[in-house]
Amino acid sequence: MREQQLRDILGHMPAGVATLQGQELRYGFVNEAMRAVLGAAVEEGDAVAEHPGTIPADLLEVMRQVYDAGRPYVAKAYSLPLPATDGGPSTPRYFDIALEPVREGNGPVSGLLLFAVDVTVQEEARQRAHHLSIETRRLDTRLRVLTETVPQITFTVDAAGKFEYVSPQWYYFTGQPPTADLNAIWPLLIHPDDRLRVLYQADTARTSGVGWSYEYRLRRHDGQYRWMLSRALPELHAPDQAVFWHGALTEVHDQRELADALRRGEAELRFLADSIPELIWTATAEGFIDYYNHYTGEYSGLTKEELGPTGWINLLEPSEQAGAARRWVQSIATGQPYEGLFRMRRHDGRYRWHIIRARQLTDERGPRWFGTCTDVDDQYRLREVLQTQYDELARTNRDLDTFVYTASHDLKQPVLNLRGLFDELRRTATFNDPEEGEIIGMVDEALGQLDATLQDLAATVQEQRGLSAPVEALDLRSVADEVLLGLRAQVQESEATVSLDFAAAPTLTYGRANLRSILHNLLSNALKFADPARPLHLQVRSFLSEAGQPVLTVQDNGLGMELPGRPAPVFQPFARQHPHIAGAGVGMYLVQRIVASRGGHLEVSSTVGEGTTFTIHWFED
Amino acid sequence: MIHIVYMSRAVRPLSDQDLQELLDQCRRDNAARDVTGVLFYSHGNIAQLIEGEAEVLEPLFDVISRDGRHSNVVKLVDKPITERSFADWSMAFHPLEPGGFEALQGFLLPQHLPPPPSSLSIADAMLVDLVKLAVFGADATPAAPEPEHA
Ligand SMILES: Cc1cc2nc3c(=O)[nH]c(=O)nc-3n(C[C@H](O)[C@H](O)[C@H](O)COP(=O)(O)O)c2cc1C
C-alpha cells in the first residue's frame, strides 16, 4: 500500500523520475513526466541502449560510468532535443539531470535512479541575462570611448547638483588633479562675473526638471578664461521626475569672440553712419530700404516707419519721382549702380539738390545695396549762377563783336563820304597857310588810316567768329545734332520734343560756322520763348523751293510775337521781342546779316499764343 | 480703407492644382468680403497685395500669415489708401499646363500683367514693381524704355 502510494506520488510529480535496472540499464518505473521527456514509448524492461528515445549517446555513456563508479552525478541545464508537441522542428529544452546509483542494502550497484527537472525557462532567462550583460558591456565601452574622445567635456549631475561623472577632458582642460573634489572646485573655476548667473540658471533648470543651455567663462589650466557653452538634458525616471542631467561643455571662445567682433564692427559702422550729416541707407536684394541713418530722419522729418521700404521716392520733387523709380527698378533688375541728381524735400518743405548714389555689395550673405544722398544744393546753385554769368558774358562778348563788326561796316560809308568831301574841299578851297601841304597830307594819311583800321576791325571780328570760313557741302542733320547737343540742357528743361526732317534737302553748301550760328540762334530762340502752358514742339524742315533753291524752316508752338508790320521785319541789334526773357536781339540780327551777306533772306510769321515760323531762303531764287 | 503688401516663401512648391484651389477659394472669399488685389507666384516665391476695409484686412492678414503653406511672411506695407487700385482679385503665375488656365477668371500670365495702376502713389507702384521683379525675375518685367532723347 505504501509502495502504491509512493508510485502514485512519483507518477504525478512534475519532475521526471525513472529507475534503470541492472548492468543493461533496463527501464523499471518511469513516471508521466519522464515519459514525456523520453518521447518514444518505452516499456518496462527495455534496455536504454536499445530504446534511447531522446537520450543522446554521451548521456548514456555517463549513465554507464555512474553505474560502474557508483558515484552520483548531476548534469546542470543539460539540453535535450525534445520534439515539439505540434510536430514542428524540435526546440532544445534544458533539464537538470540527476543520476543516483541504487544499491540493494550495502551490496553492489544494482541500478540507477534518473531525475530530470525541466529548467528551460530559467536557462533561457540566464542566457538572455548573459547576452544582455555582454551587450551592456559593449555599449558601455563605446560610450566611454566616445565620451573620452570627443573634444567636449561631458558630465552627469544629479538632482541635488552633485557631479556624478565628468569626462577626463575636464581634468585635461582645467589642469586639476584626478583627486580634485569636483563639486567644490568647479564653481571656483567659473569666471566671477558669470558664477552667480550660472549657478542660478543651473539650479532653476534642475528644480523645474528641464534642460539648459547657457554660456560662461571657465578657467583653463593656463589661467585663461575661455567661453564655454553648457548644454544638458534631464534623464526622467518617471514623468516630471528628473533624476540626472547629462550634458556637454563645448568651447565656443573663438566663435564668441568673432561674433562679438562682428557685433562691435556692425555697431561701430552704424554709429559711424548715424554720425555723418548725409543721408545713408541700405536696401535688401529686392530693393527695399531696410535701414535709414539718423540724419535721414533729421533731414526729412520722417521716421523710418513713415518712410517705409520705398518711401524715399516720396521725398523727391514730384516731376522727378517716376523717372527715379523706373531707374531704381532697373538697377535692382540688372545690379547696375544707381546714380542721379534729384531734388529732395527737407522737413521744412524746401527742396535741395542731391546726388543719389547706390551700389550693390555681393558676398556670402547675398546681395545688398548701400546708398547715399549727398547734398549738392549749394554747388548746384553756384554752378547755375556761374553758368548764367558765363552765358551773359559770352553773349555780351558776341554782342560786342557784332557791334564792332556793324560799327566798322556802318562807319565805312561816312569815311568814304568824308574822303569825297575832303577831296572836293581840297580841289575847290584854298588855305592861306604855309603849312597847307603838310596838313593836307596829314589829313589824307589819317583818313587812309581810319579806313584801314575799320577794314581791319571788320576782318578781325569776321575771322574770329569764323564768319568768313570757306563754304563746303554740309550734312544738315549732323550739324543740327551738334547744335542740339550743345542745347541739351535747355531742351531737357523745357521738355521739348524736336523733330528734324531733312529728307527733301539733306545737304547745304555753306560756311560751317555760319550754319551752326544760324541754327543755334533760331533753336535757342525758340527754346527761350516756349509757352509754359504746353510742352514745346519744334519742327525743323529742309526742302527745295520751286526754283530748286534750298529752304529751311524752323517752326515752334511757343509764345509767338507781335510783328512790327509787313513785310519781313528788320531785326535791330539789341532790340528784344520779349523784354522779360534774357538774351535775344543780337542773335536774330546776326542771323539776318549772315543770311543776307550770303545772298539769301529771312522771313518770319508769327501768331501770339500759337507760335512762330522762321523761313530761311539760303539763296535768292 | 487700407492696403497690405507682403512677400513670403512657399513651404513646398505649389502645384497647378494647389494654385487653382487657392485661386478659387480666394476669389470666392475675397469677393464676399469685398477684398481686392493681386497675388504673384513663381518657383516658391509669393507676393500679395490686398486692399479693403481695415476691420476685414487686418484679421485676414493674420490668417494668411499663419497659413501653413508658406512661411517667412514679411509685411512691406500696411497703410491707409483713399481708393482701390484693383477691380477684383487675381493671381499671376506660370502654370505647368497653361492650357486650361488662360480661360480662368482672375488668372493672368505674369508677362500679361498690366503695369501698376496710376491710382497707386509712385512709391507704392515702385513697390509693386519690385515685388514683381523679386517673384518673377528680370525677364518677366521688361524695364520701361528710356524716354527718347529729343
Ligand atoms: C499665399 C496665400 C495667399 C492667400 N490669400 C488669401 C486671400 O487673399 N483671401 C483669403 O480669403 N484667403 C487667402 N489665403 C488662404 C487663407 O490663408 C486661409 O487658408 C483661408 O482664408 C481659409 O481660411 P478658413 O479655413 O478660416 O476659412 C491665402 C493663403 C496663402 C497660402
# chains A, B, ... in the order shown; residues from 1 in each chain; ligands from 1

$ interface_residues --of "chain A" --to "chain B" --cutoff "7 Å" --atoms "only C-alpha atoms" --output "ChimeraX atom specification"
/A:286-287,309-311,313-314,321-322,325,329-330,333,497-498

$ write_last_selection --atoms "all heavy atoms" --output "short mmCIF file (atom, residue, chain, number, x, y, z; two decimals), in the first residue's frame"
data_model
loop_
_atom_site.label_atom_id
_atom_site.label_comp_id
_atom_site.auth_asym_id
_atom_site.auth_seq_id
_atom_site.Cartn_x
_atom_site.Cartn_y
_atom_site.Cartn_z
N GLU A 286 16.04 92.79 -52.90
CA GLU A 286 14.82 93.08 -53.68
C GLU A 286 14.63 94.57 -53.89
O GLU A 286 13.70 94.97 -54.59
CB GLU A 286 13.59 92.52 -52.98
CG GLU A 286 13.53 91.02 -52.84
CD GLU A 286 14.29 90.53 -51.62
OE1 GLU A 286 14.49 91.34 -50.69
OE2 GLU A 286 14.69 89.35 -51.60
N GLY A 287 15.46 95.38 -53.25
CA GLY A 287 15.35 96.82 -53.46
C GLY A 287 14.54 97.56 -52.42
O GLY A 287 14.17 98.71 -52.63
N PRO A 309 9.67 101.00 -46.97
CA PRO A 309 10.69 100.39 -47.83
C PRO A 309 10.89 101.12 -49.16
O PRO A 309 11.92 100.94 -49.80
CB PRO A 309 10.17 98.97 -48.07
CG PRO A 309 8.72 99.02 -47.74
CD PRO A 309 8.53 100.11 -46.75
N THR A 310 9.91 101.91 -49.60
CA THR A 310 10.10 102.62 -50.87
C THR A 310 9.76 104.10 -50.73
O THR A 310 9.70 104.83 -51.72
CB THR A 310 9.21 102.04 -51.99
OG1 THR A 310 7.85 102.04 -51.52
CG2 THR A 310 9.61 100.63 -52.37
N GLY A 311 9.56 104.55 -49.47
CA GLY A 311 9.05 105.91 -49.25
C GLY A 311 10.00 107.02 -49.64
O GLY A 311 9.57 108.16 -49.76
N ILE A 313 11.05 107.68 -52.36
CA ILE A 313 10.56 108.25 -53.62
C ILE A 313 9.69 109.48 -53.34
O ILE A 313 9.72 110.47 -54.06
CB ILE A 313 9.77 107.17 -54.39
CG1 ILE A 313 10.73 106.20 -55.08
CG2 ILE A 313 8.82 107.77 -55.40
CD1 ILE A 313 11.45 106.77 -56.28
N ASN A 314 8.91 109.39 -52.24
CA ASN A 314 8.02 110.49 -51.90
C ASN A 314 8.76 111.78 -51.56
O ASN A 314 8.17 112.85 -51.55
CB ASN A 314 7.14 110.11 -50.70
CG ASN A 314 6.19 109.00 -51.06
OD1 ASN A 314 5.72 108.92 -52.19
ND2 ASN A 314 5.93 108.11 -50.11
N GLN A 321 9.84 111.88 -59.66
CA GLN A 321 9.62 110.60 -58.98
C GLN A 321 9.56 109.42 -59.93
O GLN A 321 10.21 108.40 -59.71
CB GLN A 321 8.32 110.66 -58.16
CG GLN A 321 8.45 111.57 -56.95
CD GLN A 321 7.21 111.59 -56.11
OE1 GLN A 321 6.25 110.87 -56.40
NE2 GLN A 321 7.20 112.41 -55.07
N ALA A 322 8.78 109.57 -61.03
CA ALA A 322 8.57 108.42 -61.92
C ALA A 322 9.89 107.96 -62.53
O ALA A 322 10.19 106.76 -62.55
CB ALA A 322 7.57 108.79 -63.01
N ALA A 325 12.06 106.23 -59.90
CA ALA A 325 11.54 104.91 -59.55
C ALA A 325 11.88 103.91 -60.65
O ALA A 325 12.34 102.80 -60.38
CB ALA A 325 10.03 104.97 -59.34
N VAL A 329 14.19 100.45 -60.18
CA VAL A 329 13.75 99.09 -60.52
C VAL A 329 14.75 98.47 -61.51
O VAL A 329 15.11 97.30 -61.41
CB VAL A 329 12.32 99.10 -61.11
CG1 VAL A 329 11.93 97.71 -61.59
CG2 VAL A 329 11.32 99.59 -60.08
N GLN A 330 15.21 99.31 -62.44
CA GLN A 330 16.17 98.82 -63.43
C GLN A 330 17.49 98.41 -62.78
O GLN A 330 18.06 97.37 -63.12
CB GLN A 330 16.46 99.94 -64.42
CG GLN A 330 16.23 99.54 -65.85
CD GLN A 330 16.31 100.76 -66.74
OE1 GLN A 330 17.23 101.56 -66.62
NE2 GLN A 330 15.34 100.91 -67.61
N ALA A 333 17.06 95.16 -61.11
CA ALA A 333 16.97 94.06 -62.07
C ALA A 333 18.35 93.70 -62.63
O ALA A 333 18.64 92.54 -62.88
CB ALA A 333 16.02 94.43 -63.20
N THR A 497 10.17 118.51 -77.51
CA THR A 497 10.46 117.47 -78.49
C THR A 497 10.87 118.19 -79.77
O THR A 497 10.26 119.18 -80.16
CB THR A 497 9.24 116.59 -78.79
OG1 THR A 497 8.14 117.46 -79.02
CG2 THR A 497 8.92 115.68 -77.63
N VAL A 498 11.92 117.69 -80.38
CA VAL A 498 12.45 118.32 -81.59
C VAL A 498 12.36 117.31 -82.71
O VAL A 498 12.87 116.20 -82.58
CB VAL A 498 13.92 118.74 -81.38
CG1 VAL A 498 14.44 119.46 -82.61
CG2 VAL A 498 14.06 119.62 -80.15
#

$ residues_near_ligand --ligand "ligand 1" --cutoff "6 Å" --atoms "only C-alpha atoms and all ligand atoms" --output "PyMOL selection string"
chain B and resi 26+29-30+63-64+67+69-70

$ write_last_selection --atoms "all heavy atoms" --output "short mmCIF file (atom, residue, chain, number, x, y, z; two decimals), in the first residue's frame"
data_model
loop_
_atom_site.label_atom_id
_atom_site.label_comp_id
_atom_site.auth_asym_id
_atom_site.auth_seq_id
_atom_site.Cartn_x
_atom_site.Cartn_y
_atom_site.Cartn_z
N CYS B 26 -9.91 81.97 -52.87
CA CYS B 26 -9.70 83.39 -52.61
C CYS B 26 -10.71 84.23 -53.38
O CYS B 26 -11.22 85.22 -52.87
CB CYS B 26 -8.29 83.80 -52.98
SG CYS B 26 -7.06 83.12 -51.86
N ASP B 29 -13.99 83.89 -51.40
CA ASP B 29 -13.98 84.53 -50.08
C ASP B 29 -13.71 86.03 -50.18
O ASP B 29 -14.30 86.82 -49.45
CB ASP B 29 -12.94 83.88 -49.16
CG ASP B 29 -13.34 82.45 -48.83
OD1 ASP B 29 -14.44 82.05 -49.24
OD2 ASP B 29 -12.55 81.75 -48.17
N ASN B 30 -12.81 86.41 -51.07
CA ASN B 30 -12.47 87.82 -51.16
C ASN B 30 -13.64 88.63 -51.72
O ASN B 30 -13.91 89.74 -51.26
CB ASN B 30 -11.22 88.03 -52.01
CG ASN B 30 -9.98 87.56 -51.29
OD1 ASN B 30 -10.05 87.22 -50.11
ND2 ASN B 30 -8.86 87.53 -51.97
N VAL B 63 -4.70 85.58 -40.63
CA VAL B 63 -4.98 84.21 -41.07
C VAL B 63 -3.97 83.80 -42.14
O VAL B 63 -3.37 82.73 -42.06
CB VAL B 63 -6.42 84.11 -41.62
CG1 VAL B 63 -6.63 82.76 -42.30
CG2 VAL B 63 -7.43 84.30 -40.51
N ILE B 64 -3.80 84.66 -43.13
CA ILE B 64 -2.90 84.32 -44.24
C ILE B 64 -1.49 84.09 -43.72
O ILE B 64 -0.83 83.13 -44.10
CB ILE B 64 -2.90 85.45 -45.31
CG1 ILE B 64 -4.28 85.56 -45.96
CG2 ILE B 64 -1.84 85.16 -46.36
CD1 ILE B 64 -4.39 86.70 -46.95
N ASP B 67 -0.95 80.77 -42.37
CA ASP B 67 -1.25 79.65 -43.27
C ASP B 67 0.00 78.78 -43.44
O ASP B 67 1.08 79.28 -43.74
CB ASP B 67 -1.70 80.20 -44.63
CG ASP B 67 -2.36 79.12 -45.48
OD1 ASP B 67 -1.72 78.08 -45.70
OD2 ASP B 67 -3.51 79.33 -45.92
N ARG B 69 0.96 76.86 -45.62
CA ARG B 69 1.51 76.62 -46.95
C ARG B 69 2.71 77.49 -47.26
O ARG B 69 3.45 77.25 -48.20
CB ARG B 69 0.42 76.84 -48.01
CG ARG B 69 -0.56 75.69 -48.07
CD ARG B 69 -1.74 76.03 -48.94
NE ARG B 69 -2.70 76.91 -48.27
CZ ARG B 69 -3.88 77.23 -48.77
NH1 ARG B 69 -4.23 76.78 -49.94
NH2 ARG B 69 -4.71 78.02 -48.09
N HIS B 70 2.86 78.57 -46.49
CA HIS B 70 4.03 79.42 -46.72
C HIS B 70 4.62 79.88 -45.39
O HIS B 70 4.03 79.69 -44.33
CB HIS B 70 3.68 80.62 -47.62
CG HIS B 70 2.66 81.54 -47.04
ND1 HIS B 70 2.33 82.73 -47.62
CD2 HIS B 70 1.89 81.45 -45.93
CE1 HIS B 70 1.40 83.33 -46.89
NE2 HIS B 70 1.11 82.58 -45.88
#

$ atom_distance --atom1 "CA of Ala77 (chain A)" --atom2 "CA of Gly39 (chain A)"
18.5 Å

$ select_by_dssp --residues "region 174-323 of chain A" --states "strand (DSSP E or B)" --output "JSON, numbers by chain"
{"A": [190, 212, 213, 214, 215, 216, 217, 218, 219, 225, 226, 227, 228, 229, 230, 231, 232, 233, 234, 235, 236, 237, 238, 241, 242, 243, 244, 245, 246, 247, 248, 249, 250, 251, 279, 280, 281, 282, 283, 289, 290, 291, 292, 316]}

$ atom_distance --atom1 "CA of His130 (chain A)" --atom2 "CA of Val166 (chain A)"
29.0 Å

$ residues_around --residues "Gln122 (chain A)" --least-positions-apart "2" --cutoff "12 Å" --atoms "only C-alpha atoms" --output "list of chain:residue names"
A:Lys76, A:Ala77, A:Arg93, A:Tyr94, A:Phe95, A:Asp96, A:Val117, A:Asp118, A:Val119, A:Thr120, A:Glu124, A:Ala125, A:Arg126, A:Gln127, A:Arg128, A:Ala129

$ residues_around --residues "region 51-56 of chain B" --least-positions-apart "5" --cutoff "9 Å" --atoms "only C-alpha atoms" --output "list of chain:residue names"
B:Met1, B:Ile2, B:His3, B:Ile4, B:Val5, B:Arg33, B:Asp34, B:Val35, B:Thr36, B:Gly37, B:Phe61, B:Pro80, B:Ile81, B:Arg84, B:Ser85, B:Phe86
